[in-house]
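Coordinates as given in work.cif (mmCIF, C-alpha atoms):
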```
data_coords
#
loop_
_atom_site.group_PDB
_atom_site.id
_atom_site.type_symbol
_atom_site.label_atom_id
_atom_site.label_comp_id
_atom_site.auth_asym_id
_atom_site.auth_seq_id
_atom_site.Cartn_x
_atom_site.Cartn_y
_atom_site.Cartn_z
ATOM 1 C CA MET D 14 105.892 62.945 73.830
ATOM 2 C CA ASP D 15 108.363 61.254 71.559
ATOM 3 C CA ALA D 16 111.758 62.602 72.521
ATOM 4 C CA THR D 17 112.925 62.473 68.933
ATOM 5 C CA ALA D 18 109.998 64.485 67.637
ATOM 6 C CA GLU D 19 110.835 68.106 67.152
ATOM 7 C CA THR D 20 108.245 70.450 68.406
ATOM 8 C CA THR D 21 107.243 73.864 67.309
ATOM 9 C CA SER D 22 106.066 75.850 70.239
ATOM 10 C CA VAL D 23 104.984 79.274 71.256
ATOM 11 C CA GLU D 24 105.875 80.187 74.820
ATOM 12 C CA ARG D 25 104.961 83.406 76.562
ATOM 13 C CA THR D 26 104.924 84.776 80.079
ATOM 14 C CA LEU D 27 102.857 87.766 81.064
ATOM 15 C CA SER D 28 102.018 89.625 84.187
ATOM 16 C CA ILE D 29 98.372 90.489 84.736
ATOM 17 C CA ALA D 30 97.108 92.902 87.353
ATOM 18 C CA ALA D 31 94.204 90.674 88.299
ATOM 19 C CA SER D 32 93.807 87.714 90.616
ATOM 20 C CA PRO D 33 94.277 84.174 89.286
ATOM 21 C CA GLU D 34 90.557 83.603 89.965
ATOM 22 C CA THR D 35 89.633 86.507 87.682
ATOM 23 C CA VAL D 36 92.002 85.349 84.946
ATOM 24 C CA TRP D 37 90.725 81.781 85.259
ATOM 25 C CA GLY D 38 87.210 82.995 84.505
ATOM 26 C CA PHE D 39 88.418 84.363 81.176
ATOM 27 C CA LEU D 40 89.835 80.972 80.269
ATOM 28 C CA VAL D 41 86.841 78.778 80.983
ATOM 29 C CA ASP D 42 83.755 81.014 80.939
ATOM 30 C CA PRO D 43 82.532 81.297 77.323
ATOM 31 C CA ASP D 44 81.038 84.770 77.814
ATOM 32 C CA LYS D 45 84.297 86.115 79.154
ATOM 33 C CA ALA D 46 86.412 84.184 76.656
ATOM 34 C CA THR D 47 84.726 85.936 73.751
ATOM 35 C CA ARG D 48 86.085 89.195 75.120
ATOM 36 C CA TRP D 49 89.617 88.169 74.167
ATOM 37 C CA MET D 50 89.395 85.070 72.030
ATOM 38 C CA GLY D 51 86.649 85.210 69.466
ATOM 39 C CA THR D 52 83.091 85.855 68.484
ATOM 40 C CA ALA D 53 81.395 82.799 70.003
ATOM 41 C CA CYS D 54 82.774 80.158 72.352
ATOM 42 C CA THR D 55 81.304 76.916 73.643
ATOM 43 C CA PHE D 56 83.123 75.327 76.541
ATOM 44 C CA ASP D 57 82.389 72.208 78.512
ATOM 45 C CA ALA D 58 85.027 72.909 81.118
ATOM 46 C CA GLN D 59 85.785 69.440 82.398
ATOM 47 C CA PRO D 60 88.348 66.830 81.374
ATOM 48 C CA GLY D 61 87.294 65.462 77.989
ATOM 49 C CA GLY D 62 84.862 68.347 77.511
ATOM 50 C CA LEU D 63 84.576 70.334 74.308
ATOM 51 C CA TYR D 64 86.576 73.496 73.701
ATOM 52 C CA ARG D 65 85.241 75.383 70.732
ATOM 53 C CA CYS D 66 85.720 79.016 69.834
ATOM 54 C CA GLU D 67 84.898 80.817 66.630
ATOM 55 C CA VAL D 68 87.871 83.110 66.342
ATOM 56 C CA ILE D 69 86.581 84.985 63.341
ATOM 57 C CA PRO D 70 83.544 83.977 61.286
ATOM 58 C CA GLY D 71 84.490 80.881 59.313
ATOM 59 C CA HIS D 72 87.547 80.047 61.408
ATOM 60 C CA THR D 73 86.854 77.978 64.492
ATOM 61 C CA ALA D 74 89.371 76.695 66.979
ATOM 62 C CA ARG D 75 88.379 73.382 68.490
ATOM 63 C CA GLY D 76 89.852 71.024 71.025
ATOM 64 C CA GLU D 77 89.217 69.200 74.235
ATOM 65 C CA PHE D 78 89.817 70.146 77.829
ATOM 66 C CA VAL D 79 92.469 67.841 79.242
ATOM 67 C CA GLU D 80 93.319 69.142 82.679
ATOM 68 C CA LEU D 81 91.664 71.734 84.904
ATOM 69 C CA ASP D 82 93.054 72.781 88.249
ATOM 70 C CA PRO D 83 91.331 76.103 88.999
ATOM 71 C CA PRO D 84 92.763 78.666 89.241
ATOM 72 C CA HIS D 85 96.241 77.273 88.648
ATOM 73 C CA ARG D 86 96.584 75.111 85.598
ATOM 74 C CA LEU D 87 94.628 74.537 82.406
ATOM 75 C CA VAL D 88 95.477 72.181 79.551
ATOM 76 C CA PHE D 89 93.469 71.776 76.374
ATOM 77 C CA THR D 90 94.072 70.494 72.875
ATOM 78 C CA TRP D 91 93.699 72.976 70.047
ATOM 79 C CA GLY D 92 93.370 73.112 66.309
ATOM 80 C CA TRP D 93 91.378 74.557 63.452
ATOM 81 C CA GLU D 94 88.054 72.980 62.558
ATOM 82 C CA ASN D 95 87.461 72.001 58.906
ATOM 83 C CA GLU D 96 90.824 73.262 57.799
ATOM 84 C CA GLU D 97 93.842 71.292 56.767
ATOM 85 C CA GLY D 98 96.324 73.161 58.887
ATOM 86 C CA VAL D 99 96.702 72.248 62.556
ATOM 87 C CA PRO D 100 93.661 69.966 62.808
ATOM 88 C CA PRO D 101 91.819 69.725 66.136
ATOM 89 C CA GLY D 102 93.734 67.572 68.586
ATOM 90 C CA SER D 103 97.061 68.138 66.868
ATOM 91 C CA SER D 104 98.407 70.637 69.347
ATOM 92 C CA THR D 105 98.241 71.342 73.057
ATOM 93 C CA VAL D 106 97.904 74.562 75.001
ATOM 94 C CA GLU D 107 99.064 74.700 78.620
ATOM 95 C CA ILE D 108 98.359 77.722 80.761
ATOM 96 C CA GLU D 109 99.721 78.110 84.287
ATOM 97 C CA LEU D 110 98.623 80.860 86.646
ATOM 98 C CA THR D 111 100.687 81.818 89.679
ATOM 99 C CA ALA D 112 99.674 84.478 92.166
ATOM 100 C CA ASP D 113 102.305 87.169 92.633
ATOM 101 C CA GLU D 114 102.417 90.580 94.297
ATOM 102 C CA THR D 115 100.938 92.362 91.283
ATOM 103 C CA GLY D 116 98.265 89.796 90.571
ATOM 104 C CA THR D 117 98.948 86.873 88.295
ATOM 105 C CA ASN D 118 101.911 85.543 86.437
ATOM 106 C CA LEU D 119 100.589 83.706 83.391
ATOM 107 C CA HIS D 120 102.730 81.162 81.619
ATOM 108 C CA PHE D 121 101.464 80.155 78.196
ATOM 109 C CA LEU D 122 102.756 77.258 76.120
ATOM 110 C CA HIS D 123 101.365 76.088 72.771
ATOM 111 C CA ASN D 124 103.031 72.942 71.530
ATOM 112 C CA LEU D 125 102.535 71.424 68.143
ATOM 113 C CA SER D 126 104.569 68.597 66.768
ATOM 114 C CA SER D 127 106.457 69.581 63.670
ATOM 115 C CA ALA D 128 105.470 66.259 62.130
ATOM 116 C CA GLU D 129 101.865 67.373 62.187
ATOM 117 C CA ALA D 130 102.690 70.903 61.257
ATOM 118 C CA ALA D 131 104.953 69.947 58.393
ATOM 119 C CA GLN D 132 102.182 67.882 56.892
ATOM 120 C CA SER D 133 99.587 70.508 57.398
ATOM 121 C CA HIS D 134 101.207 73.879 57.132
ATOM 122 C CA SER D 135 98.531 74.936 54.712
ATOM 123 C CA VAL D 136 97.304 77.345 57.347
ATOM 124 C CA GLY D 137 100.384 79.362 56.546
ATOM 125 C CA TRP D 138 100.255 78.867 52.810
ATOM 126 C CA ASP D 139 96.563 79.176 52.183
ATOM 127 C CA HIS D 140 96.089 82.111 54.461
ATOM 128 C CA TYR D 141 99.223 84.005 53.609
ATOM 129 C CA LEU D 142 99.690 83.379 49.925
ATOM 130 C CA PRO D 143 96.722 85.528 48.902
ATOM 131 C CA ARG D 144 97.861 88.238 51.282
ATOM 132 C CA LEU D 145 101.389 88.109 49.947
ATOM 133 C CA GLU D 146 99.986 88.281 46.484
ATOM 134 C CA ILE D 147 98.211 91.507 47.304
ATOM 135 C CA ALA D 148 101.358 92.901 48.884
ATOM 136 C CA ALA D 149 103.425 91.739 45.939
ATOM 137 C CA ALA D 150 101.089 93.609 43.641
ATOM 138 C CA GLY D 151 101.976 96.743 45.523
ATOM 139 C CA ARG D 152 98.684 96.971 47.345
ATOM 140 C CA ASP D 153 98.035 96.943 51.054
ATOM 141 C CA PRO D 154 96.489 93.632 52.164
ATOM 142 C CA GLY D 155 95.170 95.454 55.216
ATOM 143 C CA LYS D 156 95.271 94.125 58.699
ATOM 144 C CA ASP D 157 95.427 90.389 58.950
ATOM 145 C CA PRO D 158 91.920 89.484 60.119
ATOM 146 C CA TRP D 159 93.205 86.433 61.976
ATOM 147 C CA ILE D 160 95.608 88.491 63.960
ATOM 148 C CA ALA D 161 94.542 92.084 63.990
ATOM 149 C CA GLN D 162 90.870 91.593 64.682
ATOM 150 C CA ALA D 163 90.707 92.928 68.207
ATOM 151 C CA PRO D 164 87.933 91.280 70.163
ATOM 152 C CA SER D 165 85.306 93.831 71.103
ATOM 153 C CA MET D 166 85.393 95.326 74.546
ATOM 154 C CA MET I 22 111.917 87.702 50.230
ATOM 155 C CA GLU I 23 111.128 89.954 47.322
ATOM 156 C CA ALA I 24 111.811 87.107 44.911
ATOM 157 C CA ALA I 25 109.411 84.950 46.877
ATOM 158 C CA LEU I 26 106.726 87.612 46.755
ATOM 159 C CA LYS I 27 107.102 87.989 43.021
ATOM 160 C CA ALA I 28 107.150 84.236 42.555
ATOM 161 C CA ILE I 29 103.856 83.665 44.285
ATOM 162 C CA ALA I 30 102.147 86.702 42.854
ATOM 163 C CA GLU I 31 101.375 84.499 39.839
ATOM 164 C CA PRO I 32 98.272 82.355 40.486
ATOM 165 C CA ARG I 33 99.608 79.403 38.506
ATOM 166 C CA ARG I 34 102.718 79.308 40.597
ATOM 167 C CA ARG I 35 100.637 79.245 43.754
ATOM 168 C CA GLN I 36 98.739 76.291 42.335
ATOM 169 C CA ILE I 37 102.023 74.545 41.624
ATOM 170 C CA LEU I 38 103.178 75.197 45.186
ATOM 171 C CA ARG I 39 100.030 73.636 46.587
ATOM 172 C CA LEU I 40 100.497 70.659 44.306
ATOM 173 C CA VAL I 41 104.039 69.985 45.517
ATOM 174 C CA ARG I 42 103.326 70.847 49.117
ATOM 175 C CA ASP I 43 102.849 67.237 50.180
ATOM 176 C CA ASP I 44 104.108 65.314 47.165
ATOM 177 C CA GLU I 45 107.326 65.364 45.244
ATOM 178 C CA LEU I 46 106.399 65.580 41.575
ATOM 179 C CA SER I 47 108.115 65.792 38.216
ATOM 180 C CA ALA I 48 107.537 68.708 35.857
ATOM 181 C CA GLY I 49 105.498 66.382 33.652
ATOM 182 C CA GLU I 50 103.250 65.330 36.504
ATOM 183 C CA ILE I 51 102.763 68.947 37.461
ATOM 184 C CA ALA I 52 101.990 69.900 33.855
ATOM 185 C CA SER I 53 99.367 67.170 33.607
ATOM 186 C CA ASN I 54 97.362 68.998 36.269
ATOM 187 C CA PHE I 55 97.108 72.142 34.233
ATOM 188 C CA ASP I 56 96.067 73.315 30.851
ATOM 189 C CA VAL I 57 99.481 74.793 30.171
ATOM 190 C CA THR I 58 102.471 73.683 28.195
ATOM 191 C CA ARG I 59 105.299 71.765 29.752
ATOM 192 C CA PRO I 60 107.835 74.557 28.973
ATOM 193 C CA ALA I 61 105.568 77.039 30.737
ATOM 194 C CA VAL I 62 105.512 74.795 33.803
ATOM 195 C CA SER I 63 109.295 74.480 33.692
ATOM 196 C CA GLN I 64 109.594 78.220 33.598
ATOM 197 C CA HIS I 65 107.309 78.595 36.600
ATOM 198 C CA LEU I 66 109.315 75.944 38.437
ATOM 199 C CA ASN I 67 112.519 77.868 37.749
ATOM 200 C CA VAL I 68 111.074 81.016 39.231
ATOM 201 C CA LEU I 69 109.884 79.101 42.311
ATOM 202 C CA LYS I 70 113.239 77.397 42.648
ATOM 203 C CA GLU I 71 115.180 80.651 42.413
ATOM 204 C CA ALA I 72 112.915 82.162 45.035
ATOM 205 C CA GLY I 73 113.731 79.256 47.335
ATOM 206 C CA LEU I 74 110.149 78.082 47.460
ATOM 207 C CA VAL I 75 110.677 74.670 45.882
ATOM 208 C CA SER I 76 113.570 72.271 45.913
ATOM 209 C CA GLU I 77 114.691 70.235 42.920
ATOM 210 C CA ARG I 78 116.083 66.725 43.110
ATOM 211 C CA ARG I 79 117.392 64.573 40.311
ATOM 212 C CA ASN I 80 116.241 60.996 40.199
ATOM 213 C CA GLY I 81 117.823 59.352 37.160
ATOM 214 C CA THR I 82 116.679 61.392 34.216
ATOM 215 C CA ARG I 83 113.787 62.892 36.106
ATOM 216 C CA ARG I 84 113.819 66.060 38.135
ATOM 217 C CA LEU I 85 111.489 66.077 41.075
ATOM 218 C CA TYR I 86 110.095 69.135 42.768
ATOM 219 C CA ARG I 87 108.779 69.725 46.220
ATOM 220 C CA ALA I 88 107.785 72.758 48.296
ATOM 221 C CA ARG I 89 110.435 73.669 50.852
ATOM 222 C CA PRO I 90 109.228 73.536 54.431
ATOM 223 C CA GLU I 91 109.213 77.289 54.937
ATOM 224 C CA GLY I 92 105.527 76.922 55.594
ATOM 225 C CA LEU I 93 106.458 75.615 59.006
ATOM 226 C CA ALA I 94 108.299 78.815 59.829
ATOM 227 C CA ALA I 95 105.355 80.793 58.519
ATOM 228 C CA LEU I 96 103.041 78.790 60.741
ATOM 229 C CA LYS I 97 105.134 79.470 63.821
ATOM 230 C CA ASP I 98 105.262 83.163 62.987
ATOM 231 C CA PHE I 99 101.539 83.137 62.510
ATOM 232 C CA LEU I 100 100.844 81.413 65.827
ATOM 233 C CA GLU I 101 103.213 83.702 67.717
ATOM 234 C CA GLU I 102 101.543 86.785 66.363
ATOM 235 C CA PHE I 103 98.109 85.268 66.859
ATOM 236 C CA TRP I 104 98.688 84.455 70.528
ATOM 237 C CA ASP I 105 100.477 87.733 71.262
ATOM 238 C CA VAL I 106 97.412 89.642 70.168
ATOM 239 C CA ARG I 107 95.025 87.308 72.028
ATOM 240 C CA LEU I 108 97.053 87.278 75.242
ATOM 241 C CA ALA I 109 97.335 91.063 75.224
ATOM 242 C CA ALA I 110 93.549 91.177 74.950
ATOM 243 C CA LEU I 111 93.215 88.645 77.791
ATOM 244 C CA LYS I 112 95.425 90.799 80.012
ATOM 245 C CA ARG I 113 93.453 93.929 79.164
ATOM 246 C CA GLU I 114 90.076 92.309 79.801
ATOM 247 C CA ALA I 115 91.083 90.524 83.012
ATOM 248 C CA GLU I 116 92.530 93.748 84.428
ATOM 249 C CA LYS I 117 89.404 95.644 83.461
ATOM 250 C CA GLU I 118 87.304 93.013 85.230
ATOM 251 C CA GLU I 119 89.487 93.180 88.316
ATOM 252 C CA ARG I 120 89.123 96.952 88.510
ATOM 253 C CA LYS I 121 85.375 96.555 88.179
ATOM 254 C CA LYS I 122 85.348 94.063 91.066
ATOM 255 C CA HIS I 123 87.121 96.551 93.271
ATOM 256 C CA GLY I 124 84.903 99.395 92.174
ATOM 257 C CA ARG I 125 87.722 101.423 90.755
ATOM 258 C CA ASN I 126 87.701 103.321 87.510
ATOM 259 C CA SER I 127 90.072 102.547 84.728
#
```

Let me see the structure of the file written as structure tokens.
Amino acid sequence: MDATAETTSVERTLSIAASPETVWGFLVDPDKATRWMGTACTFDAQPGGLYRCEVIPGHTARGEFVELDPPHRLVFTWGWENEEGVPPGSSTVEIELTADETGTNLHFLHNLSSAEAAQSHSVGWDHYLPRLEIAAAGRDPGKDPWIAQAPSM
Amino acid sequence: MEAALKAIAEPRRRQILRLVRDDELSAGEIASNFDVTRPAVSQHLNVLKEAGLVSERRNGTRRLYRARPEGLAALKDFLEEFWDVRLAALKREAEKEERKKHGRNS
């Protein structure tokens, strides 16, 4: 990465009461991934393989698997298909799993270069402007479907 | 924030924002994209400017407008919220699966 390029990133750590092997399955097995990620996922879980997940109908996340070290480390590129904001390949997700006494410590890092994001922040604008408009009109825009849609059990 | 909400509640102003999202344009250039008068565009630009949604820069006699990069902050907020919800669901589902493997009830 260019040291001068600012990055926008989302970093999270969570503790999961399940083995790294179990958690790994939810990352690379399409049937399990749909239980937390979306409505339909297609994965070719090998370096260079396709990562594609319809998060909600009409909004599909797509990328490429970069690195797989089961059940420890997973890297894939990520972006939105057919949308201006965060195009596929423009950001990278790194997930590290470490076994601990309670199960798994999961470290999540989503990096996107601000250069890309600044050019393509229409995800924010185009998605949120209509919602803000509704709110501004004194009405309830409801739950954000991108965020609040809880994957089915 | 309230000023911003009011500013973008007007569809024309949202169109203007999209127009100056990637390009710095003069009021005249913006007006040429719409079937509205130049004074009306100027008025919209003032509202957007006061709400902090566009910046204004003088270049000789021209004033140029551009969307301020708040969209980037919005994007980060969006992604944080997005992943928080997804990761919470991942935790829930993986733990459920683990309990199933060990034949225990939730």

Which residues would end up in the selection if the PyMOL selection byres ((chain D and resi 34-48) around 10) were applied here, given that I need the answer as a PDB file with C-alpha atoms, in the frame of the given file?
```pdb
ATOM      1  CA  ILE D  29      98.372  90.489  84.736  1.00  0.00           C
ATOM      2  CA  ALA D  30      97.108  92.902  87.353  1.00  0.00           C
ATOM      3  CA  ALA D  31      94.204  90.674  88.299  1.00  0.00           C
ATOM      4  CA  SER D  32      93.807  87.714  90.616  1.00  0.00           C
ATOM      5  CA  PRO D  33      94.277  84.174  89.286  1.00  0.00           C
ATOM      6  CA  TRP D  49      89.617  88.169  74.167  1.00  0.00           C
ATOM      7  CA  MET D  50      89.395  85.070  72.030  1.00  0.00           C
ATOM      8  CA  GLY D  51      86.649  85.210  69.466  1.00  0.00           C
ATOM      9  CA  THR D  52      83.091  85.855  68.484  1.00  0.00           C
ATOM     10  CA  ALA D  53      81.395  82.799  70.003  1.00  0.00           C
ATOM     11  CA  CYS D  54      82.774  80.158  72.352  1.00  0.00           C
ATOM     12  CA  THR D  55      81.304  76.916  73.643  1.00  0.00           C
ATOM     13  CA  PHE D  56      83.123  75.327  76.541  1.00  0.00           C
ATOM     14  CA  ASP D  57      82.389  72.208  78.512  1.00  0.00           C
ATOM     15  CA  ALA D  58      85.027  72.909  81.118  1.00  0.00           C
ATOM     16  CA  GLN D  59      85.785  69.440  82.398  1.00  0.00           C
ATOM     17  CA  TYR D  64      86.576  73.496  73.701  1.00  0.00           C
ATOM     18  CA  ARG D  65      85.241  75.383  70.732  1.00  0.00           C
ATOM     19  CA  CYS D  66      85.720  79.016  69.834  1.00  0.00           C
ATOM     20  CA  GLU D  67      84.898  80.817  66.630  1.00  0.00           C
ATOM     21  CA  VAL D  68      87.871  83.110  66.342  1.00  0.00           C
ATOM     22  CA  PHE D  78      89.817  70.146  77.829  1.00  0.00           C
ATOM     23  CA  LEU D  81      91.664  71.734  84.904  1.00  0.00           C
ATOM     24  CA  ASP D  82      93.054  72.781  88.249  1.00  0.00           C
ATOM     25  CA  PRO D  83      91.331  76.103  88.999  1.00  0.00           C
ATOM     26  CA  PRO D  84      92.763  78.666  89.241  1.00  0.00           C
ATOM     27  CA  HIS D  85      96.241  77.273  88.648  1.00  0.00           C
ATOM     28  CA  ARG D  86      96.584  75.111  85.598  1.00  0.00           C
ATOM     29  CA  LEU D  87      94.628  74.537  82.406  1.00  0.00           C
ATOM     30  CA  ILE D 108      98.359  77.722  80.761  1.00  0.00           C
ATOM     31  CA  GLU D 109      99.721  78.110  84.287  1.00  0.00           C
ATOM     32  CA  LEU D 110      98.623  80.860  86.646  1.00  0.00           C
ATOM     33  CA  ALA D 112      99.674  84.478  92.166  1.00  0.00           C
ATOM     34  CA  GLY D 116      98.265  89.796  90.571  1.00  0.00           C
ATOM     35  CA  THR D 117      98.948  86.873  88.295  1.00  0.00           C
ATOM     36  CA  LEU D 119     100.589  83.706  83.391  1.00  0.00           C
ATOM     37  CA  ALA D 163      90.707  92.928  68.207  1.00  0.00           C
ATOM     38  CA  PRO D 164      87.933  91.280  70.163  1.00  0.00           C
ATOM     39  CA  SER D 165      85.306  93.831  71.103  1.00  0.00           C
ATOM     40  CA  MET D 166      85.393  95.326  74.546  1.00  0.00           C
TER      41      MET D 166
ATOM     42  CA  ARG I 107      95.025  87.308  72.028  1.00  0.00           C
ATOM     43  CA  ALA I 110      93.549  91.177  74.950  1.00  0.00           C
ATOM     44  CA  LEU I 111      93.215  88.645  77.791  1.00  0.00           C
ATOM     45  CA  LYS I 112      95.425  90.799  80.012  1.00  0.00           C
ATOM     46  CA  ARG I 113      93.453  93.929  79.164  1.00  0.00           C
ATOM     47  CA  GLU I 114      90.076  92.309  79.801  1.00  0.00           C
ATOM     48  CA  ALA I 115      91.083  90.524  83.012  1.00  0.00           C
ATOM     49  CA  GLU I 116      92.530  93.748  84.428  1.00  0.00           C
ATOM     50  CA  GLU I 118      87.304  93.013  85.230  1.00  0.00           C
ATOM     51  CA  GLU I 119      89.487  93.180  88.316  1.00  0.00           C
ATOM     52  CA  LYS I 122      85.348  94.063  91.066  1.00  0.00           C
TER      53      LYS I 122
END
```

- Could you give me, as a PyMOL selection string, the residues within 8 Å of Pro101 of chain D, counting only C-alpha atoms and dropping anything in the same chain fewer than 2 positions from it? chain D and resi 74-76+90-94+99+103-104

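Picked by the PyMOL selection byres ((chain I and resi 38) around 10) from the coordinates shown: Trp138 of chain D; Ile29, Pro32, Arg33, Arg34, Arg35, Gln36, Ile37, Arg39, Leu40, Val41, Arg42, Asp43, Ile51, Leu66, Leu69, Leu74, Val75, Tyr86, Arg87, Ala88 and Arg89 of chain I.
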
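Taking atom CA of Gly71 of chain D as the reference point, atom CA of Val23 of chain D is found at 23.8 Å.
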
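With atom CA of Arg25 of chain D on one side and atom CA of Asn118 of chain D on the other, the separation reads 10.6 Å.
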
Completion step: segment 101-120 of chain I with N, CA and C atoms as an mmCIF file, in the frame of the given file:
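Once written, selection.cif looks like this:
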```cif
data_model
loop_
_atom_site.group_PDB
_atom_site.id
_atom_site.type_symbol
_atom_site.label_atom_id
_atom_site.label_comp_id
_atom_site.auth_asym_id
_atom_site.auth_seq_id
_atom_site.Cartn_x
_atom_site.Cartn_y
_atom_site.Cartn_z
ATOM 1 N N GLU I 101 102.641 82.766 66.744
ATOM 2 C CA GLU I 101 103.213 83.702 67.717
ATOM 3 C C GLU I 101 102.465 85.022 67.699
ATOM 4 N N GLU I 102 102.233 85.508 66.488
ATOM 5 C CA GLU I 102 101.543 86.785 66.363
ATOM 6 C C GLU I 102 100.104 86.654 66.856
ATOM 7 N N PHE I 103 99.498 85.537 66.469
ATOM 8 C CA PHE I 103 98.109 85.268 66.859
ATOM 9 C C PHE I 103 97.966 85.305 68.373
ATOM 10 N N TRP I 104 98.813 84.535 69.071
ATOM 11 C CA TRP I 104 98.688 84.455 70.528
ATOM 12 C C TRP I 104 99.098 85.751 71.200
ATOM 13 N N ASP I 105 100.081 86.457 70.656
ATOM 14 C CA ASP I 105 100.477 87.733 71.262
ATOM 15 C C ASP I 105 99.296 88.693 71.318
ATOM 16 N N VAL I 106 98.563 88.736 70.202
ATOM 17 C CA VAL I 106 97.412 89.642 70.168
ATOM 18 C C VAL I 106 96.328 89.165 71.138
ATOM 19 N N ARG I 107 96.066 87.848 71.133
ATOM 20 C CA ARG I 107 95.025 87.308 72.028
ATOM 21 C C ARG I 107 95.398 87.508 73.485
ATOM 22 N N LEU I 108 96.648 87.195 73.836
ATOM 23 C CA LEU I 108 97.053 87.278 75.242
ATOM 24 C C LEU I 108 97.047 88.723 75.727
ATOM 25 N N ALA I 109 97.394 89.645 74.847
ATOM 26 C CA ALA I 109 97.335 91.063 75.224
ATOM 27 C C ALA I 109 95.884 91.443 75.523
ATOM 28 N N ALA I 110 94.964 90.899 74.729
ATOM 29 C CA ALA I 110 93.549 91.177 74.950
ATOM 30 C C ALA I 110 93.067 90.524 76.247
ATOM 31 N N LEU I 111 93.573 89.325 76.537
ATOM 32 C CA LEU I 111 93.215 88.645 77.791
ATOM 33 C C LEU I 111 93.655 89.487 78.991
ATOM 34 N N LYS I 112 94.886 89.962 78.926
ATOM 35 C CA LYS I 112 95.425 90.799 80.012
ATOM 36 C C LYS I 112 94.544 92.040 80.206
ATOM 37 N N ARG I 113 94.250 92.703 79.113
ATOM 38 C CA ARG I 113 93.453 93.929 79.164
ATOM 39 C C ARG I 113 92.083 93.663 79.796
ATOM 40 N N GLU I 114 91.431 92.604 79.330
ATOM 41 C CA GLU I 114 90.076 92.309 79.801
ATOM 42 C C GLU I 114 90.063 91.837 81.252
ATOM 43 N N ALA I 115 91.035 91.019 81.632
ATOM 44 C CA ALA I 115 91.083 90.524 83.012
ATOM 45 C C ALA I 115 91.359 91.679 83.967
ATOM 46 N N GLU I 116 92.213 92.603 83.562
ATOM 47 C CA GLU I 116 92.530 93.748 84.428
ATOM 48 C C GLU I 116 91.331 94.675 84.548
ATOM 49 N N LYS I 117 90.605 94.814 83.444
ATOM 50 C CA LYS I 117 89.404 95.644 83.461
ATOM 51 C C LYS I 117 88.386 95.047 84.442
ATOM 52 N N GLU I 118 88.244 93.724 84.362
ATOM 53 C CA GLU I 118 87.304 93.013 85.230
ATOM 54 C C GLU I 118 87.709 93.161 86.705
ATOM 55 N N GLU I 119 88.984 93.070 86.949
ATOM 56 C CA GLU I 119 89.487 93.180 88.316
ATOM 57 C C GLU I 119 89.196 94.577 88.891
ATOM 58 N N ARG I 120 89.399 95.576 88.056
ATOM 59 C CA ARG I 120 89.123 96.952 88.510
ATOM 60 C C ARG I 120 87.646 97.122 88.821
#
```
